[in-house]
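Right, one structure below, let's go through it.
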Amino acid sequence: MHMGTADERAVVQGEKYRFTVLTSQLIRLEYQENGMFVDALSQRVQNRRFSVPQFEVRETEQNLEIITEQLHLKYDKQAFSRVGLSIAVKGEGCIWNWYYGAEIRDLKGTARTLDEADGAIPLEAGLISRGGFTVLDDSRSILLTEDGWVCARENQGLDLYFFGYGHEYEKCLKDFYKLCGGTPLIPRFALGNWWSRYYRYTQEEYQELIERFEQEEIPLSVAVIDMDWHLVDIDPAYGSGWTGYTWNEELFPDYRGFLKWLHKHYLKVSLNVHPADGVRAFEKQYSAMAEAMGMDPEKKETIGFDLTDPRLMKAHFDFICHPYEEEGVDFWWLDWQQGTRTRMEGLDPLWMINYLHYQDSLREGRRGMTFSRYAGIGSHRYPIGFSGDTVVSWESLDFQPYFTATASNVGYGWWSHDIGGHMFGYRDEELTARWVQLGVFSPILRLHSTCNVYIHKEPWLFHATYRETMGRYLRLRHELIPYLYSMNVLASWEGQPLVRPMYYKNPEKDEAYMVPNEYYFGTELLACPITQKTDASGLALFKAWIPEGKWFDIFNGRIYEGDRSLTLVRDVEEIPVLAKAGGIIPYAVLTDGENGVNNPAALRVQIFAGNDGEFHLYEDKDDNEQWTDTLFTWNWEEKSLLIHRAAGALQGIPAKRSWKLEFWGVTREKMVQVEADGKVLEAECTYDDRKNVLSVMLSDIPCLSEITVRLPETIGDAVNRVPEQIAELFGKVNMVSFDDMWKIYELLQKGAPVKSILSTLECMKMPERARLALQEILLA
């Protein structure tokens, strides 16, 4: 059965109207004066073949009602109007009422681009609303033909999808993916650090740059070569050099060898293209392209770039893309900036180029990927998103966490920003370091900037504190790849984007809507990226809301009790990232000579006290989707961790693995019992008093072994070491008087109550951020 055709049992139809009950909370609403309804797939909608929910139809000659468990539709059988079509949404203890044409106050989605943005920009509508409902208008979208090409709609009626999910935001998103297609898996290499710069590199300079990253032990996984890879200084008779397809062999005299060299250094390669000007006579592909198009090459007429011409697009892939891919290009950066119109009415060229390139990237069983701007709802099917050329400013940085999180409200989970900003702006090393920290806890981390010789992202060109911070976080990104790749799987299989706003899991908490820059990062983490400059104290703030339960800072071990708002204070070397009690986070242990993208032979695993937890570590070999699943089960009451035998296809993982198992938030104990397949093992154990971390080290354990780690029954919940944390703060903070430090020290030595210390703080004339940092430690 065609996926665009709904089950006839779900359809309620009249002469000019048709309603399709897709779920008890999702209804398609169509009105066509000529009674000709659309069953074809569209650029937005990919599936209408849902299981039929229970519903009741009540009908008279003039009126129609459709009643599901959550929705009650009323319709007067006339052209849709505000008085003739309404739907009531039944929630827990409330009813939300929609009528046709009603203003919808949703929580926003995303935008086509951040080009030239210097701070916040308007966002398009999303699918999530505190008002209980949203509407997706598919009336004008392009249709897909049976052969995968496109055609314009012939009818100009209404084709709407009513989402009445109340505050069940995650359920709404999952049904959106079922309707509009899921998020594909992205390649594992895309989760590492990308190097990109609009700069006229020579082959030798680019190789020296990569070698310097290796010397600095800063891993990369993607090498992007911006537009100067191709000829740009061309005869003015041909126009500008913005579009090009012929390698500049003055800069890259052995470009084939260059691509092979990058691959030997564990890097995938992307080339930037601006295809709008077509193929001109100076290009090396011109003659073959002209002949394929039935043109005379001797006339040297430009072959226009017409996305609506299937013959041209086939030639584009056959004569340009595929030969270069065979030589070593792994994916294309489609830098489309040339308008929103094509010869086909309603067809956005950006959507079409994304669609065609992504479909082509799937050939021969490959895992697809392209890299381009957002082209509206449905674009999540063609990852990865290039957010455009932002201004280098604190305002730009401050907008990006919110921008990234709300994109999940249209299912768009794989944004890639220009980390550090792209152009204009000003030099601020702290700004760049903070942007890198955000990048680590973003879907994609891509360093990029414009062709200004003074805009740098190479960490070794920064002063020591920023250089060390940037290097440490860039290494952390590659350490996180096992976690990120498992989240990649959940995004595709479960409809759960990596970055999600706080209100997804806390829809009835007003506070969850008041922290736009705070977000869930996967299943285990909560990220609070700092996007403001430090003051004279050397500190910066993040005003957070911590959800119910116990939470742990994954860097310093500080323990927080949740369900409250709290100002978190950090110096430039850290940002607050919290793990939930019971959380389990796997990290790769990076080895010399590789970049950590491959399935690691050694893993460090954080396990957090206070609750039970489990985690599925998903791995495959070279993106072949023959999966290995290693399940971690953490039982807090029994104080035991079970690492199950690796299940599934095993050829993609090492035969043996070494482990560093870190139990965070536990009291000091070393009497740990470790077994592999029931056999007792000797294990090295250490304890970090500052962070309350018990570490258990195991070497060369077969992945088919079942590992059990039992902590002593006497082990308990650790508490924050307040005196030590305050001493550490005083060792970093500026502009606090020595007398005030000494007074706080004396109070701590005397065991003074927290209230007494807080009262004393209020009387001190210290910098406000230093005071807030002390309050955070005392109140955590």
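Residue numbering restarts at 1 for every chain of the structure tokens, chains are lettered A, B, ... in their displayed order, and ligands are numbered from 1 as they appear.
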
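Taking only C-alpha atoms, the non-local environment of A:Met36 within 12 Å (same-chain residues fewer than 4 positions away omitted) comprises Gln13, Gly14, Glu15, Lys16, Tyr17, Arg18, Glu30, Tyr31, Gln32, Ala40, Arg153, Glu154, Asn155, Gln156, Gly157, Leu158 and Asp159 of chain A.
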
With all heavy atoms kept, could you save the residues just selected as a compact mmCIF listing (two decimals), in the first residue's frame?
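Final output, saved to part-v4.txt:
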# COMPACT_ATOMS: atom_id res chain seq x y z
N GLN A 13 -15.27 11.45 4.76
CA GLN A 13 -15.18 12.26 3.55
C GLN A 13 -16.55 12.71 3.08
O GLN A 13 -17.54 11.99 3.17
CB GLN A 13 -14.50 11.45 2.44
CG GLN A 13 -14.26 12.21 1.16
CD GLN A 13 -13.39 11.44 0.18
OE1 GLN A 13 -12.71 10.50 0.57
NE2 GLN A 13 -13.39 11.85 -1.07
N GLY A 14 -16.59 13.95 2.58
CA GLY A 14 -17.76 14.48 1.89
C GLY A 14 -17.38 14.91 0.50
O GLY A 14 -16.27 14.63 0.01
N GLU A 15 -18.26 15.65 -0.16
CA GLU A 15 -18.01 16.05 -1.53
C GLU A 15 -16.78 16.95 -1.64
O GLU A 15 -15.98 16.81 -2.57
CB GLU A 15 -19.23 16.77 -2.10
CG GLU A 15 -19.06 17.16 -3.56
CD GLU A 15 -20.27 17.90 -4.11
OE1 GLU A 15 -21.30 17.97 -3.39
OE2 GLU A 15 -20.19 18.40 -5.23
N LYS A 16 -16.63 17.88 -0.68
CA LYS A 16 -15.54 18.85 -0.77
C LYS A 16 -14.59 18.80 0.42
O LYS A 16 -13.63 19.56 0.45
CB LYS A 16 -16.11 20.26 -0.90
CG LYS A 16 -16.93 20.48 -2.16
CD LYS A 16 -17.44 21.92 -2.24
CE LYS A 16 -18.25 22.14 -3.50
NZ LYS A 16 -18.75 23.55 -3.59
N TYR A 17 -14.86 17.95 1.36
CA TYR A 17 -14.01 17.88 2.54
C TYR A 17 -13.56 16.44 2.76
O TYR A 17 -14.21 15.48 2.32
CB TYR A 17 -14.73 18.41 3.79
CG TYR A 17 -15.92 17.57 4.21
CD1 TYR A 17 -15.78 16.43 5.01
CD2 TYR A 17 -17.21 17.92 3.81
CE1 TYR A 17 -16.86 15.66 5.38
CE2 TYR A 17 -18.31 17.16 4.18
CZ TYR A 17 -18.13 16.03 4.97
OH TYR A 17 -19.22 15.27 5.33
N ARG A 18 -12.45 16.32 3.43
CA ARG A 18 -11.97 14.99 3.85
C ARG A 18 -11.18 15.16 5.14
O ARG A 18 -10.30 16.01 5.23
CB ARG A 18 -11.08 14.36 2.77
CG ARG A 18 -10.62 12.96 3.13
CD ARG A 18 -9.96 12.23 1.97
NE ARG A 18 -8.64 12.76 1.65
CZ ARG A 18 -7.78 12.15 0.82
NH1 ARG A 18 -8.12 11.01 0.21
NH2 ARG A 18 -6.60 12.70 0.57
N GLU A 30 -8.77 18.46 5.13
CA GLU A 30 -8.67 18.89 3.73
C GLU A 30 -9.98 19.51 3.25
O GLU A 30 -11.06 19.05 3.61
CB GLU A 30 -8.35 17.70 2.83
CG GLU A 30 -7.00 17.06 3.05
CD GLU A 30 -6.85 15.81 2.21
OE1 GLU A 30 -7.29 14.73 2.67
OE2 GLU A 30 -6.30 15.90 1.10
N TYR A 31 -9.83 20.54 2.44
CA TYR A 31 -11.00 21.12 1.76
C TYR A 31 -10.59 21.48 0.34
O TYR A 31 -9.63 22.22 0.12
CB TYR A 31 -11.50 22.36 2.49
CG TYR A 31 -12.80 22.88 1.91
CD1 TYR A 31 -14.03 22.37 2.34
CD2 TYR A 31 -12.80 23.85 0.90
CE1 TYR A 31 -15.22 22.81 1.78
CE2 TYR A 31 -13.98 24.29 0.33
CZ TYR A 31 -15.19 23.77 0.77
OH TYR A 31 -16.37 24.20 0.22
N GLN A 32 -11.32 20.93 -0.64
CA GLN A 32 -11.07 21.19 -2.06
C GLN A 32 -12.40 21.46 -2.75
O GLN A 32 -13.31 20.63 -2.70
CB GLN A 32 -10.38 19.98 -2.72
CG GLN A 32 -8.99 19.69 -2.23
CD GLN A 32 -7.96 20.63 -2.81
OE1 GLN A 32 -8.27 21.46 -3.66
NE2 GLN A 32 -6.72 20.53 -2.33
N ALA A 40 -0.67 11.77 -2.77
CA ALA A 40 0.77 11.70 -3.03
C ALA A 40 1.54 12.19 -1.81
O ALA A 40 1.04 12.98 -1.00
CB ALA A 40 1.11 12.56 -4.25
N ARG A 153 1.53 21.19 -7.06
CA ARG A 153 0.13 20.85 -6.79
C ARG A 153 -0.76 21.52 -7.85
O ARG A 153 -0.56 22.68 -8.20
CB ARG A 153 -0.29 21.34 -5.41
CG ARG A 153 0.30 20.54 -4.27
CD ARG A 153 -0.17 21.07 -2.93
NE ARG A 153 0.45 20.35 -1.82
CZ ARG A 153 -0.21 19.54 -0.98
NH1 ARG A 153 -1.51 19.36 -1.14
NH2 ARG A 153 0.42 18.93 0.00
N GLU A 154 -1.76 20.78 -8.29
CA GLU A 154 -2.70 21.33 -9.27
C GLU A 154 -3.82 22.09 -8.58
O GLU A 154 -4.36 23.05 -9.13
CB GLU A 154 -3.27 20.22 -10.14
CG GLU A 154 -2.22 19.51 -10.99
CD GLU A 154 -2.83 18.41 -11.85
OE1 GLU A 154 -4.07 18.19 -11.74
OE2 GLU A 154 -2.07 17.77 -12.61
N ASN A 155 -4.17 21.67 -7.37
CA ASN A 155 -5.30 22.28 -6.67
C ASN A 155 -4.80 23.23 -5.59
O ASN A 155 -3.76 23.01 -4.97
CB ASN A 155 -6.17 21.19 -6.03
CG ASN A 155 -6.72 20.23 -7.07
OD1 ASN A 155 -7.17 20.66 -8.13
ND2 ASN A 155 -6.66 18.95 -6.78
N GLN A 156 -5.55 24.27 -5.35
CA GLN A 156 -5.16 25.30 -4.39
C GLN A 156 -6.09 25.31 -3.19
O GLN A 156 -6.43 26.36 -2.66
CB GLN A 156 -5.15 26.67 -5.07
CG GLN A 156 -4.16 26.79 -6.20
CD GLN A 156 -2.73 26.56 -5.75
OE1 GLN A 156 -2.28 27.14 -4.77
NE2 GLN A 156 -2.01 25.68 -6.44
N GLY A 157 -6.48 24.15 -2.75
CA GLY A 157 -7.33 24.06 -1.58
C GLY A 157 -6.53 24.05 -0.30
O GLY A 157 -5.39 24.53 -0.24
N LEU A 158 -7.12 23.49 0.75
CA LEU A 158 -6.49 23.45 2.07
C LEU A 158 -6.09 22.03 2.43
O LEU A 158 -6.87 21.08 2.22
CB LEU A 158 -7.44 24.00 3.13
CG LEU A 158 -7.78 25.49 3.01
CD1 LEU A 158 -8.90 25.86 3.97
CD2 LEU A 158 -6.54 26.35 3.28
N ASP A 159 -4.91 21.89 2.96
CA ASP A 159 -4.39 20.60 3.40
C ASP A 159 -3.65 20.84 4.70
O ASP A 159 -2.48 21.24 4.71
CB ASP A 159 -3.47 20.01 2.33
CG ASP A 159 -3.07 18.57 2.62
OD1 ASP A 159 -3.44 18.05 3.69
OD2 ASP A 159 -2.39 17.96 1.76

Tell me, as a compact mmCIF listing (two decimals) with N, CA and C atoms, in the first residue's frame, which residues lie within 12 Å of A:Lys314, counting only C-alpha atoms; anything in the same chain fewer than 4 positions away does not count.
# COMPACT_ATOMS: atom_id res chain seq x y z
N TRP A 149 10.73 12.05 -8.27
CA TRP A 149 10.90 13.43 -8.72
C TRP A 149 9.81 14.30 -8.08
N MET A 289 29.46 17.57 -19.93
CA MET A 289 28.15 18.05 -19.50
C MET A 289 27.35 18.58 -20.69
N ALA A 292 26.05 15.79 -22.79
CA ALA A 292 24.95 15.10 -22.10
C ALA A 292 23.65 15.89 -22.19
N MET A 293 23.78 17.21 -22.29
CA MET A 293 22.59 18.07 -22.37
C MET A 293 22.18 18.37 -23.81
N PHE A 305 22.03 26.18 -14.11
CA PHE A 305 21.76 25.25 -13.02
C PHE A 305 20.26 25.24 -12.76
N ASP A 306 19.58 24.31 -13.38
CA ASP A 306 18.12 24.21 -13.29
C ASP A 306 17.75 22.96 -12.51
N LEU A 307 17.39 23.17 -11.28
CA LEU A 307 17.07 22.04 -10.40
C LEU A 307 15.81 21.30 -10.80
N THR A 308 15.01 21.87 -11.68
CA THR A 308 13.77 21.20 -12.10
C THR A 308 13.99 20.31 -13.31
N ASP A 309 15.22 20.26 -13.81
CA ASP A 309 15.54 19.46 -15.01
C ASP A 309 16.24 18.18 -14.57
N PRO A 310 15.54 17.03 -14.62
CA PRO A 310 16.17 15.78 -14.15
C PRO A 310 17.38 15.36 -14.97
N ASP A 318 26.69 12.81 -12.31
CA ASP A 318 27.53 11.87 -13.07
C ASP A 318 28.89 12.45 -13.43
N PHE A 319 28.95 13.72 -13.77
CA PHE A 319 30.19 14.30 -14.32
C PHE A 319 30.94 15.18 -13.32
N ILE A 320 30.28 15.60 -12.26
CA ILE A 320 30.96 16.46 -11.28
C ILE A 320 31.11 15.73 -9.95
N CYS A 321 30.00 15.40 -9.33
CA CYS A 321 30.06 14.90 -7.95
C CYS A 321 30.70 13.52 -7.86
N HIS A 322 30.20 12.57 -8.64
CA HIS A 322 30.67 11.20 -8.49
C HIS A 322 32.15 11.03 -8.79
N LEU A 356 17.95 16.32 -3.44
CA LEU A 356 18.64 15.55 -4.47
C LEU A 356 20.02 15.08 -4.00
N HIS A 357 20.75 15.96 -3.35
CA HIS A 357 22.08 15.57 -2.90
C HIS A 357 22.00 14.50 -1.82
N GLN A 359 19.59 12.25 -1.40
CA GLN A 359 19.20 10.98 -2.04
C GLN A 359 20.38 10.37 -2.77
N ASP A 360 21.16 11.20 -3.44
CA ASP A 360 22.32 10.69 -4.16
C ASP A 360 23.37 10.13 -3.20

Helix (DSSP H, G or I) positions in stretch 593-763 of chain A, given as a PDB file with C-alpha atoms, in the first residue's frame:
ATOM      1  CA  VAL A 722      32.072  22.823  51.154  1.00  0.00           C
ATOM      2  CA  PRO A 723      35.322  24.070  52.773  1.00  0.00           C
ATOM      3  CA  GLU A 724      37.433  22.549  50.008  1.00  0.00           C
ATOM      4  CA  GLN A 725      35.187  23.938  47.245  1.00  0.00           C
ATOM      5  CA  ILE A 726      35.264  27.419  48.778  1.00  0.00           C
ATOM      6  CA  ALA A 727      39.036  27.232  49.131  1.00  0.00           C
ATOM      7  CA  GLU A 728      39.294  26.285  45.469  1.00  0.00           C
ATOM      8  CA  LEU A 729      37.057  29.220  44.545  1.00  0.00           C
ATOM      9  CA  PHE A 730      39.179  31.649  46.571  1.00  0.00           C
ATOM     10  CA  PHE A 738      41.738  38.793  52.014  1.00  0.00           C
ATOM     11  CA  ASP A 739      39.857  39.829  55.163  1.00  0.00           C
ATOM     12  CA  ASP A 740      36.557  38.576  53.737  1.00  0.00           C
ATOM     13  CA  MET A 741      38.190  35.305  52.718  1.00  0.00           C
ATOM     14  CA  TRP A 742      39.554  34.891  56.228  1.00  0.00           C
ATOM     15  CA  LYS A 743      36.162  35.567  57.836  1.00  0.00           C
ATOM     16  CA  ILE A 744      34.528  32.897  55.691  1.00  0.00           C
ATOM     17  CA  TYR A 745      37.367  30.512  56.520  1.00  0.00           C
ATOM     18  CA  GLU A 746      36.879  31.073  60.261  1.00  0.00           C
ATOM     19  CA  LEU A 747      33.146  30.458  60.015  1.00  0.00           C
ATOM     20  CA  LEU A 748      33.759  27.201  58.144  1.00  0.00           C
ATOM     21  CA  GLN A 749      36.340  26.083  60.699  1.00  0.00           C
ATOM     22  CA  VAL A 754      24.813  27.828  56.403  1.00  0.00           C
ATOM     23  CA  LYS A 755      22.298  30.539  57.318  1.00  0.00           C
ATOM     24  CA  SER A 756      24.912  32.263  59.449  1.00  0.00           C
ATOM     25  CA  ILE A 757      27.478  32.216  56.653  1.00  0.00           C
ATOM     26  CA  LEU A 758      24.907  33.519  54.151  1.00  0.00           C
ATOM     27  CA  SER A 759      24.004  36.348  56.514  1.00  0.00           C
ATOM     28  CA  THR A 760      27.657  37.269  56.854  1.00  0.00           C
ATOM     29  CA  LEU A 761      28.019  37.294  53.074  1.00  0.00           C
ATOM     30  CA  GLU A 762      25.244  39.844  52.761  1.00  0.00           C
TER      31      GLU A 762
END

Need the shell around A:Tyr177: protein/DNA/RNA residues with any atom at most 10 Å away, counting only C-alpha atoms. Skip same-chain ones fewer than 4 positions apart. Format as a PyMOL selection string? chain A and resi 45-47+171-173+181-183+378+380-381+410-411+492+494-496

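Using only C-alpha atoms, the smallest distance between any of A:Gly652, A:Gly421, A:Gly131, A:Pro767 and A:Val89 comes from A:Gly131.
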